[in-house]
>>> print(open('my_file17.txt').read())   # compact mmCIF, C-alpha atoms
# COMPACT_ATOMS: atom_id res chain seq x y z
CA MET R 603 53.95 24.46 35.32
CA ALA R 604 54.47 26.18 38.61
CA LYS R 605 50.73 26.14 39.10
CA SER R 606 50.61 22.38 38.38
CA ALA R 607 53.38 21.73 40.85
CA LYS R 608 51.48 23.71 43.52
CA THR R 609 48.32 21.76 42.77
CA SER R 610 50.13 18.50 42.93
CA ASP R 611 51.49 19.50 46.29
CA ALA R 612 47.91 20.04 47.43
CA GLY R 613 46.74 16.48 46.92
CA MET R 614 48.18 14.68 43.91
CA PRO R 615 49.25 11.04 44.36
CA PRO R 616 53.03 10.73 44.88
CA GLU R 617 53.49 8.58 41.75
CA LEU R 618 51.83 11.17 39.54
CA ASN R 619 53.73 13.96 41.25
CA ALA R 620 56.97 12.15 40.57
CA ARG R 621 56.05 11.57 36.94
CA LEU R 622 55.28 15.28 36.42
CA THR R 623 58.56 16.26 38.06
CA GLU R 624 60.36 13.85 35.76
CA LEU R 625 58.70 15.36 32.71
CA GLN R 626 59.51 18.87 33.90
CA ALA R 627 63.14 17.91 34.26
CA GLN R 628 63.34 16.71 30.65
CA SER R 629 65.11 19.00 28.22
CA ARG R 630 62.66 18.18 25.42
CA SER R 631 58.97 18.98 25.32
CA PRO R 632 56.77 16.10 26.53
CA SER R 633 55.46 13.84 23.74
CA ARG R 634 51.77 13.32 23.01
CA GLU R 635 51.99 9.85 24.59
CA ASP R 636 53.51 11.37 27.74
CA VAL R 637 50.69 13.89 28.02
CA ALA R 638 48.02 11.24 27.40
CA GLU R 639 49.55 9.02 30.06
CA VAL R 640 49.62 11.82 32.63
CA VAL R 641 46.07 12.92 31.85
CA THR R 642 44.80 9.34 32.16
CA GLU R 643 46.61 8.94 35.48
CA MET R 644 45.19 12.26 36.67
CA LEU R 645 41.66 11.27 35.72
CA GLN R 646 42.09 7.94 37.48
CA SER R 647 43.25 9.77 40.56
CA LEU R 648 40.13 11.98 40.70
CA GLU R 649 37.61 11.06 43.33
CA GLY R 650 33.94 11.82 43.91
CA ASP R 651 31.43 12.47 41.06
CA LEU R 652 33.97 13.39 38.41
CA SER R 653 34.99 9.93 37.21
CA GLU R 654 36.34 9.32 33.72
CA VAL R 655 32.98 7.77 32.80
CA ASN R 656 31.19 10.89 34.00
CA LEU R 657 33.41 13.09 31.90
CA LYS R 658 32.76 10.92 28.86
CA VAL R 659 29.01 11.13 29.49
CA TYR R 660 29.19 14.91 29.86
CA SER R 661 31.17 15.12 26.66
CA GLU R 662 28.64 12.95 24.82
CA LEU R 663 25.76 15.02 26.18
CA GLU R 664 27.40 18.22 25.08
CA GLY R 665 27.90 16.75 21.60
CA LEU R 666 24.28 15.64 21.54
CA ALA R 667 23.06 19.07 22.60
CA LYS R 668 25.06 20.68 19.80
CA TYR R 669 23.66 18.14 17.34
CA ILE R 670 20.07 18.86 18.44
CA LEU R 671 20.66 22.59 18.18
CA ALA R 672 22.04 22.18 14.66
CA ALA R 673 19.07 19.94 13.72
CA LYS R 674 16.64 22.54 15.09
CA ARG R 675 18.30 25.23 12.99
CA GLU R 676 18.15 23.04 9.90
CA ILE R 677 14.48 22.24 10.48
CA ALA R 678 13.76 25.94 11.05
CA ALA R 679 15.53 26.67 7.76
CA LEU R 680 13.05 24.37 5.98
CA ARG R 681 10.32 26.80 7.07
CA PRO R 682 7.81 24.14 8.18
CA ASP R 683 5.36 26.92 9.03
CA ASP R 684 5.17 27.64 5.29
CA ILE R 685 4.08 24.06 4.70
CA THR R 686 0.98 24.53 6.84
CA SER R 687 0.26 28.14 5.97
CA GLU R 688 0.94 28.02 2.24
CA HIS R 689 1.92 24.78 0.51
CA LEU R 690 -0.65 22.35 1.92
CA PRO R 691 -3.65 24.70 1.61
CA LYS R 692 -2.58 25.45 -1.96
CA ALA R 693 -2.31 21.73 -2.76
CA THR R 694 -5.77 21.14 -1.28
CA ASP R 695 -7.26 23.98 -3.32
CA GLU R 696 -5.69 22.62 -6.50
CA LEU R 697 -7.12 19.16 -5.82
CA ASP R 698 -10.56 20.64 -5.13
CA ALA R 699 -10.28 22.48 -8.43
CA ILE R 700 -9.53 19.20 -10.19
CA VAL R 701 -12.69 17.64 -8.75
CA GLY R 702 -14.71 20.71 -9.74
CA SER R 703 -13.40 20.87 -13.29
CA THR R 704 -13.77 17.13 -13.96
CA GLU R 705 -17.32 17.26 -12.60
CA GLU R 706 -18.13 20.18 -14.87
CA ALA R 707 -16.60 18.41 -17.88
CA THR R 708 -18.41 15.16 -17.07
CA ASN R 709 -21.73 16.96 -16.83
CA GLY R 710 -21.04 18.56 -20.22
CA ILE R 711 -20.35 15.15 -21.76
CA LEU R 712 -23.46 13.65 -20.17
CA GLN R 713 -25.60 16.52 -21.38
CA ALA R 714 -24.37 16.04 -24.95
CA MET R 715 -24.99 12.27 -24.74
CA GLU R 716 -28.50 12.80 -23.38
CA LEU R 717 -29.22 15.10 -26.31
CA LEU R 718 -27.88 12.51 -28.74
CA GLU R 719 -29.86 9.72 -27.09
CA GLY R 720 -32.99 11.86 -27.31
CA LEU R 721 -32.60 11.95 -31.10
CA THR R 722 -32.51 8.15 -31.54
CA PRO R 723 -36.32 7.83 -32.11
CA GLN R 724 -35.78 9.87 -35.27
CA MET R 725 -33.06 7.55 -36.53
CA PRO R 726 -33.39 4.27 -38.47
CA ALA R 727 -33.57 1.38 -35.98
CA GLU R 728 -30.15 -0.01 -36.82
CA ILE R 729 -28.43 3.37 -36.47
CA ALA R 730 -30.37 4.16 -33.30
CA GLU R 731 -29.15 0.95 -31.71
CA GLN R 732 -25.54 1.75 -32.55
CA VAL R 733 -25.88 5.26 -31.20
CA THR R 734 -27.51 3.98 -28.00
CA ASN R 735 -24.69 1.48 -27.50
CA ALA R 736 -22.10 4.20 -27.99
CA VAL R 737 -23.93 6.50 -25.57
CA THR R 738 -24.08 3.69 -23.01
CA GLN R 739 -20.32 3.26 -23.29
CA VAL R 740 -19.86 6.97 -22.63
CA TYR R 741 -22.11 6.74 -19.54
CA GLU R 742 -20.01 3.83 -18.29
CA SER R 743 -16.77 5.67 -18.93
CA CYS R 744 -18.03 8.70 -17.02
CA ASN R 745 -17.78 6.58 -13.87
CA PHE R 746 -14.22 7.91 -13.73
CA GLN R 747 -15.38 11.20 -12.26
CA ASP R 748 -16.80 9.57 -9.16
CA ILE R 749 -13.75 7.32 -8.70
CA THR R 750 -11.18 10.10 -9.19
CA GLY R 751 -13.20 12.34 -6.90
CA GLN R 752 -13.10 9.73 -4.14
CA ARG R 753 -9.39 9.12 -4.66
CA ILE R 754 -8.66 12.84 -4.46
CA THR R 755 -10.72 13.07 -1.29
CA LYS R 756 -8.46 10.39 0.21
CA VAL R 757 -5.38 12.40 -0.80
CA VAL R 758 -6.86 15.54 0.76
CA LYS R 759 -7.43 13.63 4.02
CA THR R 760 -3.79 12.47 3.92
CA LEU R 761 -2.63 16.05 3.39
CA LYS R 762 -4.74 17.12 6.36
CA HIS R 763 -3.03 14.46 8.47
CA ILE R 764 0.40 15.72 7.38
CA GLU R 765 -0.69 19.28 8.10
CA ASP R 766 -1.63 18.33 11.66
CA ARG R 767 1.76 16.68 12.22
CA VAL R 768 3.69 19.61 10.78
CA GLU R 769 1.64 22.00 12.91
CA ALA R 770 2.70 20.02 15.98
CA LEU R 771 6.32 20.30 14.81
CA VAL R 772 5.96 24.04 14.27
CA ALA R 773 4.52 24.41 17.77
CA ALA R 774 7.43 22.44 19.25
CA PHE R 775 10.05 24.48 17.39
CA GLY R 776 8.14 27.77 17.54
CA ASP R 777 10.89 30.05 18.88
CA GLU R 778 13.57 28.60 16.65
CA ILE R 779 11.42 29.06 13.53
CA GLN R 780 10.49 32.61 14.52
CA LYS R 781 14.17 33.46 15.05
CA TYR R 782 15.01 31.99 11.66
CA ARG R 783 12.26 34.00 9.96
CA GLU R 784 13.55 37.21 11.53
CA HIS R 785 17.12 36.59 10.41
CA HIS R 786 16.33 35.11 7.00
CA PRO R 787 13.64 37.08 5.19
CA ARG R 788 12.19 35.33 2.15
CA GLU R 789 14.29 35.71 -0.97
CA GLU R 790 13.08 32.90 -3.22
CA GLN R 791 10.90 35.11 -5.40
CA GLN R 792 13.74 37.55 -5.93
CA GLN R 793 16.04 34.72 -6.99
CA LYS R 794 13.71 33.58 -9.73
CA THR R 795 14.34 34.90 -13.19
CA THR R 796 11.60 36.89 -14.87
CA ASP R 797 10.55 33.95 -17.09
CA GLU R 798 10.34 31.58 -14.13
CA LYS R 799 8.10 34.00 -12.28
CA LEU R 800 5.65 33.72 -15.19
CA LEU R 801 5.36 29.92 -14.91
CA ASN R 802 2.39 29.67 -12.55
CA GLY R 803 0.32 26.97 -14.27
CA PRO R 804 -3.47 26.97 -14.38
CA GLN R 805 -5.06 29.37 -11.92
CA LEU R 806 -7.76 28.39 -9.47
CA PRO R 807 -11.23 29.44 -10.70
CA ASP R 808 -11.45 32.47 -8.38
CA ASP R 809 -8.00 33.69 -9.39
CA ALA R 810 -8.24 32.97 -13.09
CA GLY R 811 -8.45 35.89 -15.48
CA LYS R 812 -11.65 35.92 -17.53
CA GLN R 813 -11.34 36.15 -21.31
CA ALA R 814 -13.27 39.45 -21.27
CA ASP R 815 -10.77 40.93 -18.79
CA ILE R 816 -7.86 39.74 -20.91
CA ASP R 817 -9.46 41.17 -24.06
CA ALA R 818 -9.96 44.46 -22.25
CA LEU R 819 -6.32 44.43 -21.15
CA LEU R 820 -5.14 43.69 -24.69
CA ALA R 821 -7.34 46.46 -26.02
CA SER R 822 -5.79 48.87 -23.54
CA PHE R 823 -2.46 48.50 -25.39
CA ASP R 824 -3.98 49.76 -28.67
CA MET J 955 -43.66 -12.73 -11.49
CA SER J 956 -43.18 -9.80 -13.88
CA VAL J 957 -41.23 -6.74 -12.89
CA ASP J 958 -43.23 -3.53 -12.43
CA MET J 959 -41.39 -1.21 -14.81
CA ASN J 960 -43.34 1.74 -13.36
CA MET J 961 -42.03 1.21 -9.83
CA ASN J 962 -40.40 4.12 -8.06
CA ILE J 963 -36.66 3.69 -7.68
CA LEU J 964 -34.56 5.79 -5.31
CA ILE J 965 -30.92 6.30 -6.21
CA VAL J 966 -28.57 7.69 -3.56
CA ASP J 967 -25.12 9.14 -4.22
CA ASP J 968 -23.26 12.27 -3.18
CA TYR J 969 -21.87 12.73 -6.70
CA LYS J 970 -24.40 14.39 -8.98
CA THR J 971 -22.72 12.97 -12.07
CA MET J 972 -23.10 9.43 -10.72
CA LEU J 973 -26.80 10.04 -10.03
CA ARG J 974 -27.14 11.24 -13.60
CA ILE J 975 -25.32 8.19 -15.02
CA ILE J 976 -27.41 5.69 -13.01
CA ARG J 977 -30.63 7.51 -13.90
CA ASN J 978 -29.74 7.41 -17.62
CA LEU J 979 -28.82 3.72 -17.50
CA LEU J 980 -32.06 2.89 -15.66
CA LYS J 981 -33.95 4.86 -18.28
CA GLN J 982 -32.29 2.81 -21.03
CA LEU J 983 -33.46 -0.33 -19.22
CA GLY J 984 -37.01 0.99 -19.13
CA PHE J 985 -37.25 2.42 -15.60
CA ASN J 986 -38.42 6.01 -15.79
CA ASN J 987 -39.65 6.77 -12.27
CA VAL J 988 -36.37 7.56 -10.59
CA ASP J 989 -35.85 9.87 -7.63
CA GLU J 990 -32.53 11.03 -6.21
CA ALA J 991 -31.00 11.67 -2.78
CA THR J 992 -27.46 12.78 -1.94
CA ASP J 993 -27.03 11.04 1.42
CA GLY J 994 -28.62 8.43 3.66
CA SER J 995 -30.68 10.78 5.80
CA MET J 996 -32.25 12.48 2.78
CA ALA J 997 -32.93 9.05 1.31
CA LEU J 998 -34.55 7.80 4.50
CA GLN J 999 -36.91 10.77 4.55
CA LYS J 1000 -37.91 10.13 0.94
CA LEU J 1001 -38.44 6.42 1.61
CA ARG J 1002 -40.81 7.27 4.46
CA ASP J 1003 -42.73 9.80 2.38
CA LYS J 1004 -43.33 7.71 -0.76
CA ASP J 1005 -43.56 4.08 -1.88
CA TYR J 1006 -40.47 2.73 -3.58
CA GLY J 1007 -39.78 -0.63 -5.17
CA LEU J 1008 -35.97 -0.42 -5.02
CA VAL J 1009 -33.09 1.52 -3.49
CA ILE J 1010 -29.72 1.79 -5.24
CA SER J 1011 -27.27 3.43 -2.86
CA ASP J 1012 -23.64 4.51 -2.69
CA TRP J 1013 -21.75 3.66 0.52
CA ASN J 1014 -19.43 6.59 1.19
CA MET J 1015 -21.60 9.64 1.90
CA GLU J 1016 -22.02 12.19 4.67
CA PRO J 1017 -23.65 12.63 7.09
CA MET J 1018 -25.42 9.26 6.76
CA THR J 1019 -23.54 6.53 4.88
CA GLY J 1020 -25.06 3.85 2.68
CA ILE J 1021 -24.53 1.11 5.26
CA GLN J 1022 -26.24 3.23 7.92
CA LEU J 1023 -29.14 3.81 5.54
CA LEU J 1024 -29.37 0.08 4.91
CA ARG J 1025 -29.49 -0.66 8.67
CA GLU J 1026 -32.18 2.01 9.17
CA VAL J 1027 -34.22 0.51 6.34
CA ARG J 1028 -33.96 -3.01 7.72
CA ALA J 1029 -34.87 -1.76 11.21
CA ASP J 1030 -38.01 0.02 9.95
CA SER J 1031 -41.06 -2.22 10.05
CA LYS J 1032 -42.53 -0.64 6.91
CA LEU J 1033 -39.33 -0.63 4.87
CA LYS J 1034 -37.57 -3.78 6.07
CA ASN J 1035 -38.36 -5.84 2.95
CA LEU J 1036 -37.42 -3.13 0.44
CA PRO J 1037 -34.88 -4.40 -2.15
CA PHE J 1038 -31.58 -2.65 -1.63
CA ILE J 1039 -28.56 -2.66 -3.96
CA MET J 1040 -25.25 -1.15 -2.84
CA ILE J 1041 -23.25 0.46 -5.64
CA THR J 1042 -19.87 1.60 -4.38
CA ALA J 1043 -16.10 1.85 -4.83
CA GLU J 1044 -15.68 0.11 -1.44
CA SER J 1045 -14.56 -3.28 -2.73
CA LYS J 1046 -12.90 -4.91 0.28
CA THR J 1047 -14.20 -8.25 1.45
CA GLU J 1048 -15.01 -6.77 4.87
CA ASN J 1049 -17.27 -4.20 3.20
CA VAL J 1050 -19.19 -6.80 1.25
CA VAL J 1051 -19.51 -8.97 4.37
CA ALA J 1052 -20.75 -6.02 6.45
CA ALA J 1053 -23.29 -5.10 3.78
CA LYS J 1054 -24.49 -8.68 3.51
CA GLU J 1055 -24.83 -8.94 7.28
CA ALA J 1056 -26.81 -5.69 7.26
CA GLY J 1057 -29.21 -7.21 4.73
CA VAL J 1058 -28.14 -5.93 1.31
CA ASN J 1059 -29.71 -7.73 -1.65
CA ASN J 1060 -26.84 -7.21 -4.06
CA TYR J 1061 -23.59 -5.34 -4.43
CA ILE J 1062 -22.08 -3.54 -7.44
CA VAL J 1063 -18.49 -2.27 -7.45
CA LYS J 1064 -17.65 1.01 -9.17
CA PRO J 1065 -16.69 1.54 -11.90
CA PHE J 1066 -19.49 -0.60 -13.27
CA ASN J 1067 -21.06 -1.12 -16.68
CA ALA J 1068 -24.63 -1.26 -17.92
CA ALA J 1069 -24.56 -5.04 -18.31
CA THR J 1070 -23.62 -5.52 -14.64
CA LEU J 1071 -26.39 -3.17 -13.55
CA LYS J 1072 -28.94 -5.10 -15.61
CA THR J 1073 -27.74 -8.45 -14.26
CA LYS J 1074 -27.95 -7.26 -10.64
CA LEU J 1075 -31.39 -5.71 -11.16
CA SER J 1076 -32.64 -8.98 -12.64
CA SER J 1077 -31.15 -10.88 -9.74
CA VAL J 1078 -32.99 -8.71 -7.21
CA LEU J 1079 -36.24 -7.91 -9.03
CA GLY J 1080 -36.58 -10.88 -11.42
CA ASN J 1081 -36.06 -10.97 -15.18
CA PHE J 1082 -37.38 -8.05 -17.20
>>> encode(input="my_file17.txt", output="structure tokens")
Amino acid sequence: MAKSAKTSDAGMPPELNARLTELQAQSRSPSREDVAEVVTEMLQSLEGDLSEVNLKVYSELEGLAKYILAAKREIAALRPDDITSEHLPKATDELDAIVGSTEEATNGILQAMELLEGLTPQMPAEIAEQVTNAVTQVYESCNFQDITGQRITKVVKTLKHIEDRVEALVAAFGDEIQKYREHHPREEQQQKTTDEKLLNGPQLPDDAGKQADIDALLASFD
Amino acid sequence: MSVDMNMNILIVDDYKTMLRIIRNLLKQLGFNNVDEATDGSMALQKLRDKDYGLVISDWNMEPMTGIQLLREVRADSKLKNLPFIMITAESKTENVVAAKEAGVNNYIVKPFNAATLKTKLSSVLGNF
């Protein structure tokens, strides 16, 4: 309090100085209301750039800066770089595989129908007509491959758009993400149980094991 | 006027399965001279190299789309009267309007059935 008294001597308004002296003279500790009153008076007495409003603004800015820093850390923890380097390319590959496999299946169906249709001259007229009608219905139904292919292409374009946006985010948060990676090495795979690790779903054609390879592997156990 | 069932028909689509389906349906209707192209530029080259009585084209293809092919056909003095049917999943009004303004003779929305194809062919070529 000696320091406060000295300061007040240096330029504190007389009313405030008197109030502080009064509080010092009290036998009890000053109440919260007393302190708040003195602080408010002191702030009101300050001149120049440091007004009460300025202090509030600085306080808000500091809070905002802390909030942004926390948000950056949380975004870095989401590993957005993984989204562009791993998840989105994988999703695109899976969708391409869907188009490829449905096209292959559709061609197989069409080939079988063409074979069947080619046999109709050998059938009684009434049967041939029924077979032709059924084959026509299959041709019509096979339209789905073109439609699903176009829909999937639209989804792939949307994924590409998301990828571009996430890449921009990664570029903006680059240092923060790099720091996070260094301090938090990937552990997800280790956390999975053995059975979960085996749930990978269908493999993409290039990654899929061929039956002959699997047979050879099985035979190697004998 | 009777329809020439031996006319050459060019079908254009970037999906091989769709080309196969249209070819088979045309064959069922009695049209056996069917050629294929997988985009507008390939189709345009074929149209300039051989006489065709009809084009059936998809819209959404690369590098040249169906609507671009249609405009090229209508701008070509030798091809400008060639019957042209658009067969596409693009079903918005603005697409149909744009195709009509570009000079399309008829428009089929995917997925389509054999009856619709026959109706549209009759509308463009005459009854067969």
>>> residues_around(input="my_file17.txt", residues="range 737-741 of chain R", least_positions_apart="5", cutoff="8 Å", atoms="only C-alpha atoms", output="count of residues only")
9
>>> residues_around(input="my_file17.txt", residues="Ala1069 in chain J", least_positions_apart="4", cutoff="12 Å", atoms="all atoms listed in the file", output="ChimeraX atom specification")
/R:735,738-739,742 /J:979-980,982-983,1062,1073-1076
>>> interface_residues(input="my_file17.txt", of="chain J", to="chain R", cutoff="12 Å", atoms="all atoms listed in the file", output="VMD selection string")
chain J and resid 967 to 983 1012 to 1015 1041 to 1044 1063 to 1071
>>> residues_around(input="my_file17.txt", residues="range 993-1009 of chain J", least_positions_apart="6", cutoff="12 Å", atoms="all atoms listed in the file", output="number ranges by chain")
J: 957-970, 973, 976, 980, 985, 987, 1015-1041, 1058-1061, 1074-1076, 1078-1079
>>> atom_distance(input="my_file17.txt", atom1="CA of Ile764 in chain R", atom2="CA of Leu666 in chain R")
27.8 Å
>>> atom_distance(input="my_file17.txt", atom1="CA of Ala773 in chain R", atom2="CA of Ala672 in chain R")
17.9 Å
>>> atom_distance(input="my_file17.txt", atom1="CA of Leu801 in chain R", atom2="CA of Pro787 in chain R")
22.9 Å
>>> residues_near_point(input="my_file17.txt", point="(14.7, 33.3, 10.3)", cutoff="12 Å", atoms="all atoms listed in the file", output="list in words")
Lys674, Arg675, Glu676, Ile677, Ala678, Ala679, Leu680, Arg681, Pro682, Asp683, Gly776, Asp777, Glu778, Ile779, Gln780, Lys781, Tyr782, Arg783, Glu784, His785, His786, Pro787, Arg788 and Glu789 of chain R
>>> residues_around(input="my_file17.txt", residues="range 631-643 of chain R", least_positions_apart="4", cutoff="8 Å", atoms="all atoms listed in the file", output="VMD selection string")
chain R and resid 618 621 to 622 625 647
>>> build_atoms(input="my_file17.txt", residues="range 1040-1068 of chain J", atoms="N, CA and C atoms", output="PDB file, in the coordinates of the input")
ATOM      1  N   MET J1040     -26.361  -2.066  -3.136  1.00  0.00           N
ATOM      2  CA  MET J1040     -25.250  -1.150  -2.840  1.00  0.00           C
ATOM      3  C   MET J1040     -24.406  -1.013  -4.097  1.00  0.00           C
ATOM      4  N   ILE J1041     -24.062   0.226  -4.441  1.00  0.00           N
ATOM      5  CA  ILE J1041     -23.250   0.460  -5.640  1.00  0.00           C
ATOM      6  C   ILE J1041     -22.117   1.406  -5.230  1.00  0.00           C
ATOM      7  N   THR J1042     -20.916   0.860  -5.085  1.00  0.00           N
ATOM      8  CA  THR J1042     -19.870   1.600  -4.380  1.00  0.00           C
ATOM      9  C   THR J1042     -18.455   1.232  -4.836  1.00  0.00           C
ATOM     10  N   ALA J1043     -17.513   2.124  -4.549  1.00  0.00           N
ATOM     11  CA  ALA J1043     -16.100   1.850  -4.830  1.00  0.00           C
ATOM     12  C   ALA J1043     -15.457   1.059  -3.676  1.00  0.00           C
ATOM     13  N   GLU J1044     -16.196   0.885  -2.578  1.00  0.00           N
ATOM     14  CA  GLU J1044     -15.680   0.110  -1.440  1.00  0.00           C
ATOM     15  C   GLU J1044     -15.716  -1.366  -1.817  1.00  0.00           C
ATOM     16  N   SER J1045     -14.552  -1.926  -2.172  1.00  0.00           N
ATOM     17  CA  SER J1045     -14.560  -3.280  -2.730  1.00  0.00           C
ATOM     18  C   SER J1045     -13.879  -4.312  -1.839  1.00  0.00           C
ATOM     19  N   LYS J1046     -13.552  -3.934  -0.597  1.00  0.00           N
ATOM     20  CA  LYS J1046     -12.900  -4.910   0.280  1.00  0.00           C
ATOM     21  C   LYS J1046     -13.891  -5.963   0.749  1.00  0.00           C
ATOM     22  N   THR J1047     -13.356  -7.139   1.003  1.00  0.00           N
ATOM     23  CA  THR J1047     -14.200  -8.250   1.450  1.00  0.00           C
ATOM     24  C   THR J1047     -14.999  -7.854   2.692  1.00  0.00           C
ATOM     25  N   GLU J1048     -14.319  -7.150   3.616  1.00  0.00           N
ATOM     26  CA  GLU J1048     -15.010  -6.770   4.870  1.00  0.00           C
ATOM     27  C   GLU J1048     -16.218  -5.868   4.611  1.00  0.00           C
ATOM     28  N   ASN J1049     -16.135  -5.055   3.540  1.00  0.00           N
ATOM     29  CA  ASN J1049     -17.270  -4.200   3.200  1.00  0.00           C
ATOM     30  C   ASN J1049     -18.453  -5.032   2.710  1.00  0.00           C
ATOM     31  N   VAL J1050     -18.127  -5.966   1.820  1.00  0.00           N
ATOM     32  CA  VAL J1050     -19.190  -6.800   1.250  1.00  0.00           C
ATOM     33  C   VAL J1050     -19.835  -7.636   2.363  1.00  0.00           C
ATOM     34  N   VAL J1051     -18.990  -8.163   3.255  1.00  0.00           N
ATOM     35  CA  VAL J1051     -19.510  -8.970   4.370  1.00  0.00           C
ATOM     36  C   VAL J1051     -20.413  -8.121   5.271  1.00  0.00           C
ATOM     37  N   ALA J1052     -19.946  -6.906   5.581  1.00  0.00           N
ATOM     38  CA  ALA J1052     -20.750  -6.020   6.450  1.00  0.00           C
ATOM     39  C   ALA J1052     -22.087  -5.682   5.799  1.00  0.00           C
ATOM     40  N   ALA J1053     -22.050  -5.430   4.489  1.00  0.00           N
ATOM     41  CA  ALA J1053     -23.290  -5.100   3.780  1.00  0.00           C
ATOM     42  C   ALA J1053     -24.244  -6.290   3.765  1.00  0.00           C
ATOM     43  N   LYS J1054     -23.667  -7.467   3.538  1.00  0.00           N
ATOM     44  CA  LYS J1054     -24.490  -8.680   3.510  1.00  0.00           C
ATOM     45  C   LYS J1054     -25.125  -8.912   4.892  1.00  0.00           C
ATOM     46  N   GLU J1055     -24.309  -8.743   5.913  1.00  0.00           N
ATOM     47  CA  GLU J1055     -24.830  -8.940   7.280  1.00  0.00           C
ATOM     48  C   GLU J1055     -25.917  -7.915   7.620  1.00  0.00           C
ATOM     49  N   ALA J1056     -25.799  -6.736   6.996  1.00  0.00           N
ATOM     50  CA  ALA J1056     -26.810  -5.690   7.260  1.00  0.00           C
ATOM     51  C   ALA J1056     -28.079  -5.911   6.436  1.00  0.00           C
ATOM     52  N   GLY J1057     -28.000  -6.851   5.474  1.00  0.00           N
ATOM     53  CA  GLY J1057     -29.210  -7.210   4.730  1.00  0.00           C
ATOM     54  C   GLY J1057     -29.276  -6.688   3.311  1.00  0.00           C
ATOM     55  N   VAL J1058     -28.114  -6.421   2.693  1.00  0.00           N
ATOM     56  CA  VAL J1058     -28.140  -5.930   1.310  1.00  0.00           C
ATOM     57  C   VAL J1058     -28.566  -7.071   0.374  1.00  0.00           C
ATOM     58  N   ASN J1059     -29.263  -6.706  -0.704  1.00  0.00           N
ATOM     59  CA  ASN J1059     -29.710  -7.730  -1.650  1.00  0.00           C
ATOM     60  C   ASN J1059     -28.682  -8.011  -2.739  1.00  0.00           C
ATOM     61  N   ASN J1060     -27.930  -6.982  -3.103  1.00  0.00           N
ATOM     62  CA  ASN J1060     -26.840  -7.210  -4.060  1.00  0.00           C
ATOM     63  C   ASN J1060     -25.836  -6.063  -3.978  1.00  0.00           C
ATOM     64  N   TYR J1061     -24.710  -6.254  -4.643  1.00  0.00           N
ATOM     65  CA  TYR J1061     -23.590  -5.340  -4.430  1.00  0.00           C
ATOM     66  C   TYR J1061     -22.882  -5.116  -5.766  1.00  0.00           C
ATOM     67  N   ILE J1062     -22.760  -3.863  -6.182  1.00  0.00           N
ATOM     68  CA  ILE J1062     -22.080  -3.540  -7.440  1.00  0.00           C
ATOM     69  C   ILE J1062     -20.860  -2.669  -7.123  1.00  0.00           C
ATOM     70  N   VAL J1063     -19.716  -3.046  -7.692  1.00  0.00           N
ATOM     71  CA  VAL J1063     -18.490  -2.270  -7.450  1.00  0.00           C
ATOM     72  C   VAL J1063     -18.276  -1.266  -8.581  1.00  0.00           C
ATOM     73  N   LYS J1064     -17.989  -0.026  -8.190  1.00  0.00           N
ATOM     74  CA  LYS J1064     -17.650   1.010  -9.170  1.00  0.00           C
ATOM     75  C   LYS J1064     -16.194   0.876  -9.589  1.00  0.00           C
ATOM     76  N   PRO J1065     -15.808   1.152 -10.799  1.00  0.00           N
ATOM     77  CA  PRO J1065     -16.690   1.540 -11.900  1.00  0.00           C
ATOM     78  C   PRO J1065     -17.440   0.318 -12.441  1.00  0.00           C
ATOM     79  N   PHE J1066     -18.665   0.522 -12.827  1.00  0.00           N
ATOM     80  CA  PHE J1066     -19.490  -0.600 -13.270  1.00  0.00           C
ATOM     81  C   PHE J1066     -19.965  -0.320 -14.700  1.00  0.00           C
ATOM     82  N   ASN J1067     -20.503  -1.349 -15.338  1.00  0.00           N
ATOM     83  CA  ASN J1067     -21.060  -1.120 -16.680  1.00  0.00           C
ATOM     84  C   ASN J1067     -22.548  -1.447 -16.689  1.00  0.00           C
ATOM     85  N   ALA J1068     -23.175  -1.112 -17.807  1.00  0.00           N
ATOM     86  CA  ALA J1068     -24.630  -1.260 -17.920  1.00  0.00           C
ATOM     87  C   ALA J1068     -25.051  -2.722 -17.802  1.00  0.00           C
TER      88      ALA J1068
END
